[in-house]
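Student: Before anything else, here's the structure in question.
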Amino acid sequence: MGCVKLVFFILYTFLCQLVFSSALPHLCLEDQAHALLQFKHMFTFNPNASDDCYDTRTLSWSMGTDCCSWDRVLCDEMTGQVIELDLYCSGLQGKFYSNSSLFQLSNLKRLDLSRNDFSGSLISPKFGELSSLTHLDLSHSGFTGVIPAEISHLNKLYFLYISTVDPYGLRLGHYNFELLLKNLTQLREIYLDSVNISSIIPLNFSSYLTYLWLRRTQLRGVLPERVFHLSYLSLSSNSLNGPIPSNVSGPQNLQRLYLSSNYLNGTIPSWIFSLPSLSDLYLRNNSFSGKIHEFKSKTLLYVSLKQNQLQGRIPKSLLDQQELYYLILSQNNLSGQIASTVCNLKTLRVLDLGSNHLNGTIPHCLGEMSGLKVLDLNNNRLSGTINTTFNTENQLRIINLYGNKLKGKVPPSLINCRYLEFLDLGNNELNDTFPSWLGGLPYLRILSLRSNKLHGPIKDSRTNNSFAQIRVIDLSSNGFSGKLPVSLFENFQAMKIIGENSGAREYIVDDYSGSYANTLIVTTKGLDLELPRVLTTNIIINLSRNRFEGYLPSIIGDLVGLRTLNLSHNGLEGIIPASLQHLSVLESLDLSSNKIGGEIPQQLVSLTSLEVLNLSHNHFIGCIPQGKQFDTFDNSSYLGNDGLCGFPLLKDCGGDDGVPQATTPVELDDEEEEEEEEGDLISWQAVLMGFGCGLVIGLSIIYIMLSTHYPIWFSRMVVRFDNIIATRMKRHKKDISA
C-alpha cells in the first residue's frame, strides 16, 4: 500500500511540475538575444535597400525585452532557442561578414534574408553549419561571388532561394550544382536566378521536387522529359535547344511553364494543350512553328507566345477563359480575323496581337472592356474605320494601331481614355484634321500620327494645359499646312525640363516590362528606329514632310529637354533663331529641304550633345561655324546651300592662311560696342579730312594754272579728273546715309 502511495505521489509531483512549467513563459536565452542585436547593429537601415518594399519592425528590437516576442523572430516553445528569422525587406544595408553573429543561432530552421542590400558580400560557407535549416532564402540581396559547396551540407532543406540583381554575379560550378542536387534529397523548391551554372539540366534532383526555377543560369542542351513532371518549371533565358519532348506521359500536375528566350524549335506538343490545370504558359522568343491548338485548361492566367513562327488562327478556347490576364501572341504569322468573343475576356489586362497577318475590322466592343490596359494590334492588315467606341469606364494606358489600313477619322471617343499615356495611330490611311482635343488627356506622353492623310492647319490651342505631359509628338508625312503651332509648343511643359540622367533608366509605361514592350517607330539621327521601350528622356518633335510654312518660332528654344527636332521637308523660311542655343541636350537637328536662309548662328557651337546635323537644301549663306561638334559634321550636313563656305566644304571663306572667318556678328557688351563705334567715327573723320584737303589743293592748282594760261588740253584733263572725284564723293555720302 505504501509503495502505491509513493508511486502516486511521484506521479502527482511530476504532473504538477509539467503543468507549472508549461504555464511559465519561456524567455529566449541571453546569448540568442545578444546575437540578434549584434547582427542588427552590423547594418544601417535604408528604406531604399529594396526597390519595392520596406518593413521597420526590426527597429523595435531592444535589450531588456523577451527576444521571442520580437517581430520577425520565432522561438521554440520548449527550449527558447530562435528557430525562425524572417528579415524579408527589412532595409538592411552593409557588408555581410563570415563571422556574423547570425551563425550563433545554430537551431535556426527558417532563415529569410531576401530583399535587403548586402551588395558585394560573399555567401559565407558558415551557412552550411546551420544544419537544422529547412528554408533558406538569400534572393535579391546583392550577394556575389561563388556559392559555397557547404550549402550542399544542408540535407534537411525543403526550400532554397538564391539570386542576384547583377546578371551572373553569382556562380555555382557544374560539379557543385550536381552535388547540391544529389545531397539535398528533401528539396521541394529550388530557385536560382541569374546564377552562372553553365551546365546541362541534371536528372538527379529530389523526387520530392515540385518547383524548379533556373532562369538566366546559362543552362544548355536539350530538355529532358523528367522536368515536365513538376508543377512549376522555369528555364527561361538560357541556351536550351531542340524541341520540347513530344512523348511526355502523364504530366498532369504542371501548372506553370516558362521556357522563353531559348533556342527551342519544332511544334508545341499536344500534351501541353491538354494540361488540365495550366495557368501560365510563356514560350516567347523561340522558333516554334505550327498551329496553336485548343486548350483543355479553363484556368489560364498568362499566355505569351510572341516572337515565334506560329501560324493559323487564334484558337477559340483562348477567347473563352474566365480569368485570363495577359494574351500576348505578337510577332508570329497568325491569320484570320479578331473574333468579337475576345470581349468576353472580362479580366483581360493586356491584349497584344501585333505583327501578324490578321485582317478584317477592329471589334467594336474592345472599347467596352473596362479592365483592359494595353491594346496592341500594330502591323497587321486591319481595315475599315476605327469604329470602336471607348466608354468612360475604360482604363486603357496604351493603344497601338500602327501599320494597318485603317481609314476615316480619329475616333472622338478617345477623349474618354483618361489614363491614356501612349497613342500610336501612325502608318494608316486616316483622313482628318489635327485632333487638338487629344490635348485634354492629362497623362498622354506619346502621340504618333505619322504617315497618314491628315491635313489642314494646326490651330491654336484654347487651353493652357493642353498636351502638358507630351514627350514624343510625331506628325510627320502628312499634309499639315500653315504656320508652325506656336501655342502648342508653349504648352509642352514636360519638354521644358531636362530629364535627369540617373544611373537607372526609366521607361514610359513600364509596368509590363517582363511581358510586354510598347514599341515605337521614330525618326532620329537620320534613321528610322524601332524603340522596344521608350525612355522618359526621349523627348522628340517630328513635324517633317508636311506643308508647314513661315518662320521658325524662337519659342522652340524654351523646350530645353529636346533630344530630337525634325522639321525637314516643309516650306519654312526666315533664319534659324539664336534661341536654339539653349537646347543643351539636343542630339539630332534636321532642318533640311526648306527655304531657311541667313547665316548659321555661331551660338549653335555650344550644343555639345549634337550628334547629327542636317541643314542641306536650304538658302544658308556665310561661313559655317567652327569648333566642338561642328568639327565632326561632314559635307552632307550642308549640301544644296551654294552660299556657304568653310570646313568641311571645299569652298574657302578667306582670312589668314586660308582659315575661314566667321561672318556672323559676335554679341558684344556695352563698353565694347561704344569703343567700336568711337573707332569707326575716328576712321571716317580721317577719310573725310583727306578728301577735303585734296579737293582744296586740287582747286588751287587749277586756279593757278588757268591764271597763268596753261594749255587748254591740260585744263580740260584737270576738270575731268575733278568731276570724277566729286562723283565718287557723292556716292560715298549716299552709302554713309544708307
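Residue numbering restarts at 1 in every chain; chains get A, B, ... in the order shown in the C-alpha cells, and ligands count up from 1 in that same order.
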Taking 4 positions as the minimum chain separation for residues in the same chain, which residues sit within 9 Å of Arg397 (chain A) when counting only C-alpha atoms? Answer as a PyMOL selection string.
Tutor: chain A and resi 372-375+417-423+443-444+509
Student: Can you pull out the residues contacting Ser198 (chain A)? Cut-off 8 Å, using only C-alpha atoms, and skip same-chain residues under 4 positions away; I want them as a ChimeraX atom specification.
Tutor: /A:173-174,217-220
Student: Which residue gives the smallest distance to Pro553 (chain A) among A:Tyr326, A:Phe489, A:Tyr211, A:Phe127, with only C-alpha atoms counted?
Tutor: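 Of A:Tyr326, A:Phe489, A:Tyr211, A:Phe127, the one nearest Pro553 (chain A), counting only C-alpha atoms, is A:Phe489.
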Student: Go through A:Ile446, A:Leu591, A:Leu345, A:Leu586 and flag the residue nearest Cys365 (chain A), using only C-alpha atoms for the distances.
Tutor: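 With only C-alpha atoms as the atom set, the closest residue is A:Leu345.
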Student: Would you return as a PyMOL selection string the members of region 244-326 of chain A that DSSP assigns to alpha helix (DSSP H) on this structure's backbone?
Tutor: chain A and resi 270-273
Student: For the selection you just gave me, I'd like the residues written to a file as an mmCIF file, in the first residue's frame, keeping N, CA and C atoms.
Tutor:
data_model
loop_
_atom_site.group_PDB
_atom_site.id
_atom_site.type_symbol
_atom_site.label_atom_id
_atom_site.label_comp_id
_atom_site.auth_asym_id
_atom_site.auth_seq_id
_atom_site.Cartn_x
_atom_site.Cartn_y
_atom_site.Cartn_z
ATOM 1 N N SER A 270 1.269 18.428 -78.315
ATOM 2 C CA SER A 270 -0.155 18.420 -77.975
ATOM 3 C C SER A 270 -0.402 18.238 -76.483
ATOM 4 N N TRP A 271 0.520 17.572 -75.773
ATOM 5 C CA TRP A 271 0.273 17.315 -74.349
ATOM 6 C C TRP A 271 0.237 18.616 -73.541
ATOM 7 N N ILE A 272 0.924 19.682 -74.032
ATOM 8 C CA ILE A 272 0.878 20.972 -73.326
ATOM 9 C C ILE A 272 -0.528 21.559 -73.387
ATOM 10 N N PHE A 273 -1.161 21.457 -74.550
ATOM 11 C CA PHE A 273 -2.522 21.988 -74.694
ATOM 12 C C PHE A 273 -3.537 21.158 -73.908
#
Student: What does the structure give for the distance between CA of Pro148 (chain A) and CA of Tyr208 (chain A), in Å to one decimal?
Tutor: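 Between CA of Pro148 (chain A) and CA of Tyr208 (chain A) the gap works out to 23.5 Å.
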Student: Closest to His34 (chain A) among A:Ile575, A:Leu580, A:Leu382, A:Cys67, using only C-alpha atoms?
Tutor: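 Under the stated criterion, the closest residue is A:Cys67.
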Student: Contacts of Gln32 (chain A) at 9 Å or less, counting only C-alpha atoms, minus same-chain residues fewer than 2 places along, as a list in words?
Tutor: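 Contacts, with the query itself left out: Cys28, Leu29, Glu30, His34, Ala35, Leu36, Leu37, Cys67, Gly80, Gln81, Val82, Gln104 and Leu105 of chain A.
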Student: Could you save those same residues with N, CA and C atoms as a PDB file, in the first residue's frame?
Tutor:
ATOM      1  N   CYS A  28      13.622  33.801 -24.266  1.00  0.00           N
ATOM      2  CA  CYS A  28      14.743  33.375 -25.100  1.00  0.00           C
ATOM      3  C   CYS A  28      16.028  33.522 -24.307  1.00  0.00           C
ATOM      4  N   LEU A  29      16.982  32.733 -24.679  1.00  0.00           N
ATOM      5  CA  LEU A  29      18.239  32.738 -23.959  1.00  0.00           C
ATOM      6  C   LEU A  29      18.997  34.039 -24.226  1.00  0.00           C
ATOM      7  N   GLU A  30      19.806  34.429 -23.239  1.00  0.00           N
ATOM      8  CA  GLU A  30      20.511  35.705 -23.321  1.00  0.00           C
ATOM      9  C   GLU A  30      21.456  35.747 -24.513  1.00  0.00           C
ATOM     10  N   HIS A  34      21.504  38.491 -27.551  1.00  0.00           N
ATOM     11  CA  HIS A  34      22.729  39.228 -27.829  1.00  0.00           C
ATOM     12  C   HIS A  34      23.158  39.032 -29.286  1.00  0.00           C
ATOM     13  N   ALA A  35      23.055  37.808 -29.795  1.00  0.00           N
ATOM     14  CA  ALA A  35      23.445  37.516 -31.178  1.00  0.00           C
ATOM     15  C   ALA A  35      22.561  38.278 -32.162  1.00  0.00           C
ATOM     16  N   LEU A  36      21.253  38.345 -31.869  1.00  0.00           N
ATOM     17  CA  LEU A  36      20.329  39.065 -32.755  1.00  0.00           C
ATOM     18  C   LEU A  36      20.629  40.556 -32.788  1.00  0.00           C
ATOM     19  N   LEU A  37      20.852  41.142 -31.604  1.00  0.00           N
ATOM     20  CA  LEU A  37      21.130  42.581 -31.552  1.00  0.00           C
ATOM     21  C   LEU A  37      22.468  42.907 -32.203  1.00  0.00           C
ATOM     22  N   CYS A  67      13.272  38.361 -26.487  1.00  0.00           N
ATOM     23  CA  CYS A  67      13.502  38.346 -27.938  1.00  0.00           C
ATOM     24  C   CYS A  67      12.523  37.428 -28.655  1.00  0.00           C
ATOM     25  N   GLY A  80      13.282  27.772 -25.927  1.00  0.00           N
ATOM     26  CA  GLY A  80      13.566  29.195 -26.032  1.00  0.00           C
ATOM     27  C   GLY A  80      14.603  29.525 -27.094  1.00  0.00           C
ATOM     28  N   GLN A  81      15.045  28.547 -27.863  1.00  0.00           N
ATOM     29  CA  GLN A  81      16.012  28.791 -28.928  1.00  0.00           C
ATOM     30  C   GLN A  81      15.304  29.440 -30.128  1.00  0.00           C
ATOM     31  N   VAL A  82      15.982  30.398 -30.792  1.00  0.00           N
ATOM     32  CA  VAL A  82      15.438  31.020 -32.001  1.00  0.00           C
ATOM     33  C   VAL A  82      15.486  30.000 -33.131  1.00  0.00           C
ATOM     34  N   GLN A 104      25.585  32.126 -34.757  1.00  0.00           N
ATOM     35  CA  GLN A 104      25.466  31.598 -33.394  1.00  0.00           C
ATOM     36  C   GLN A 104      24.080  31.022 -33.129  1.00  0.00           C
ATOM     37  N   LEU A 105      23.128  31.346 -33.999  1.00  0.00           N
ATOM     38  CA  LEU A 105      21.761  30.813 -33.854  1.00  0.00           C
ATOM     39  C   LEU A 105      21.717  29.445 -34.529  1.00  0.00           C
TER      40      LEU A 105
END
Student: Go through A:Ser69, A:Asn196, A:Gln602, A:Asn566 and flag the residue nearest Gln581 (chain A), using only C-alpha atoms for the distances.
Tutor: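 Among the listed residues, A:Gln602 lies closest to Gln581 (chain A).
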Student: Write out as a PyMOL selection string the residues lying within 7 Å of Gly646 (chain A), counting only C-alpha atoms and excluding same-chain residues fewer than 6 positions away.
Tutor: chain A and resi 623-624+652-653+660
Student: May I have the residues from that selection written out with N, CA and C atoms, as an mmCIF file, in the first residue's frame?
Tutor:
data_model
loop_
_atom_site.group_PDB
_atom_site.id
_atom_site.type_symbol
_atom_site.label_atom_id
_atom_site.label_comp_id
_atom_site.auth_asym_id
_atom_site.auth_seq_id
_atom_site.Cartn_x
_atom_site.Cartn_y
_atom_site.Cartn_z
ATOM 1 N N CYS A 623 29.813 81.815 -93.505
ATOM 2 C CA CYS A 623 30.783 80.824 -93.056
ATOM 3 C C CYS A 623 30.168 79.851 -92.053
ATOM 4 N N ILE A 624 30.466 78.578 -92.206
ATOM 5 C CA ILE A 624 29.991 77.544 -91.279
ATOM 6 C C ILE A 624 30.708 77.716 -89.936
ATOM 7 N N ASP A 652 36.458 78.018 -99.703
ATOM 8 C CA ASP A 652 37.135 78.722 -98.621
ATOM 9 C C ASP A 652 36.477 80.073 -98.371
ATOM 10 N N CYS A 653 36.391 80.445 -97.091
ATOM 11 C CA CYS A 653 35.825 81.743 -96.740
ATOM 12 C C CYS A 653 36.880 82.839 -96.707
ATOM 13 N N PRO A 660 38.878 79.916 -92.671
ATOM 14 C CA PRO A 660 37.591 80.584 -92.822
ATOM 15 C C PRO A 660 37.324 81.517 -91.661
#
Student: Pick out the closest residue to Ser101 (chain A) from this set: A:Lys296, A:His41, A:Gln322, A:Leu74. Count only C-alpha atoms.
Tutor: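 Checking each candidate against Ser101 (chain A), we get A:His41 as the closest.
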Student: To one decimal in Å, tell me the separation between CA of Thr564 (chain A) and CA of Ile539 (chain A).
Tutor: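 Separating CA of Thr564 (chain A) from CA of Ile539 (chain A) is a distance of 6.6 Å.
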Student: Give me, as a PyMOL selection string, all polymer residues having an atom no more than 12 Å from Arg284 (chain A), counting only C-alpha atoms and skipping those fewer than 6 positions away in the same chain.
Tutor: chain A and resi 236-237+257-265+268+302-310+327-332+514-516
Student: Residues as selected, C-alpha atoms, written as a CSV table (one decimal), in the first residue's frame, can you do that?
Tutor:
chain,number,residue,atom,x,y,z
A,236,SER,CA,13.8,30.9,-69.4
A,237,SER,CA,16.7,33.0,-70.8
A,257,LEU,CA,5.7,26.6,-67.7
A,258,TYR,CA,8.3,29.2,-68.6
A,259,LEU,CA,10.7,28.4,-71.5
A,260,SER,CA,11.0,31.9,-73.0
A,261,SER,CA,14.2,33.2,-74.7
A,262,ASN,CA,15.9,30.0,-75.6
A,263,TYR,CA,16.7,28.3,-78.9
A,264,LEU,CA,13.8,25.8,-78.9
A,265,ASN,CA,12.1,24.8,-82.1
A,268,ILE,CA,4.4,22.9,-79.4
A,302,TYR,CA,-1.0,34.3,-68.6
A,303,VAL,CA,-0.2,33.2,-72.2
A,304,SER,CA,2.8,34.7,-74.0
A,305,LEU,CA,3.8,33.0,-77.3
A,306,LYS,CA,5.3,36.1,-79.1
A,307,GLN,CA,8.3,36.1,-81.3
A,308,ASN,CA,7.9,32.6,-82.8
A,309,GLN,CA,6.8,31.3,-86.2
A,310,LEU,CA,3.3,30.2,-85.2
A,327,LEU,CA,-2.8,37.3,-74.0
A,328,ILE,CA,0.4,38.1,-76.0
A,329,LEU,CA,0.6,36.5,-79.4
A,330,SER,CA,2.5,39.2,-81.3
A,331,GLN,CA,5.3,38.7,-83.9
A,332,ASN,CA,4.1,35.4,-85.4
A,514,GLY,CA,8.6,41.5,-68.1
A,515,SER,CA,5.9,40.5,-70.6
A,516,TYR,CA,5.0,43.4,-72.9
Student: Quick one: residues within 10 Å of Gly360 (chain A), only C-alpha atoms counted, chain neighbours fewer than 3 positions away excluded, as a VMD selection string?
Tutor: chain A and resid 336 to 339 363 380 to 384 405
Student: For a quick check of understanding, using only C-alpha atoms, which of A:Leu85, A:Leu122, A:Cys68, A:Met369 has the smallest distance to Ser106 (chain A)?
Tutor: A:Leu85
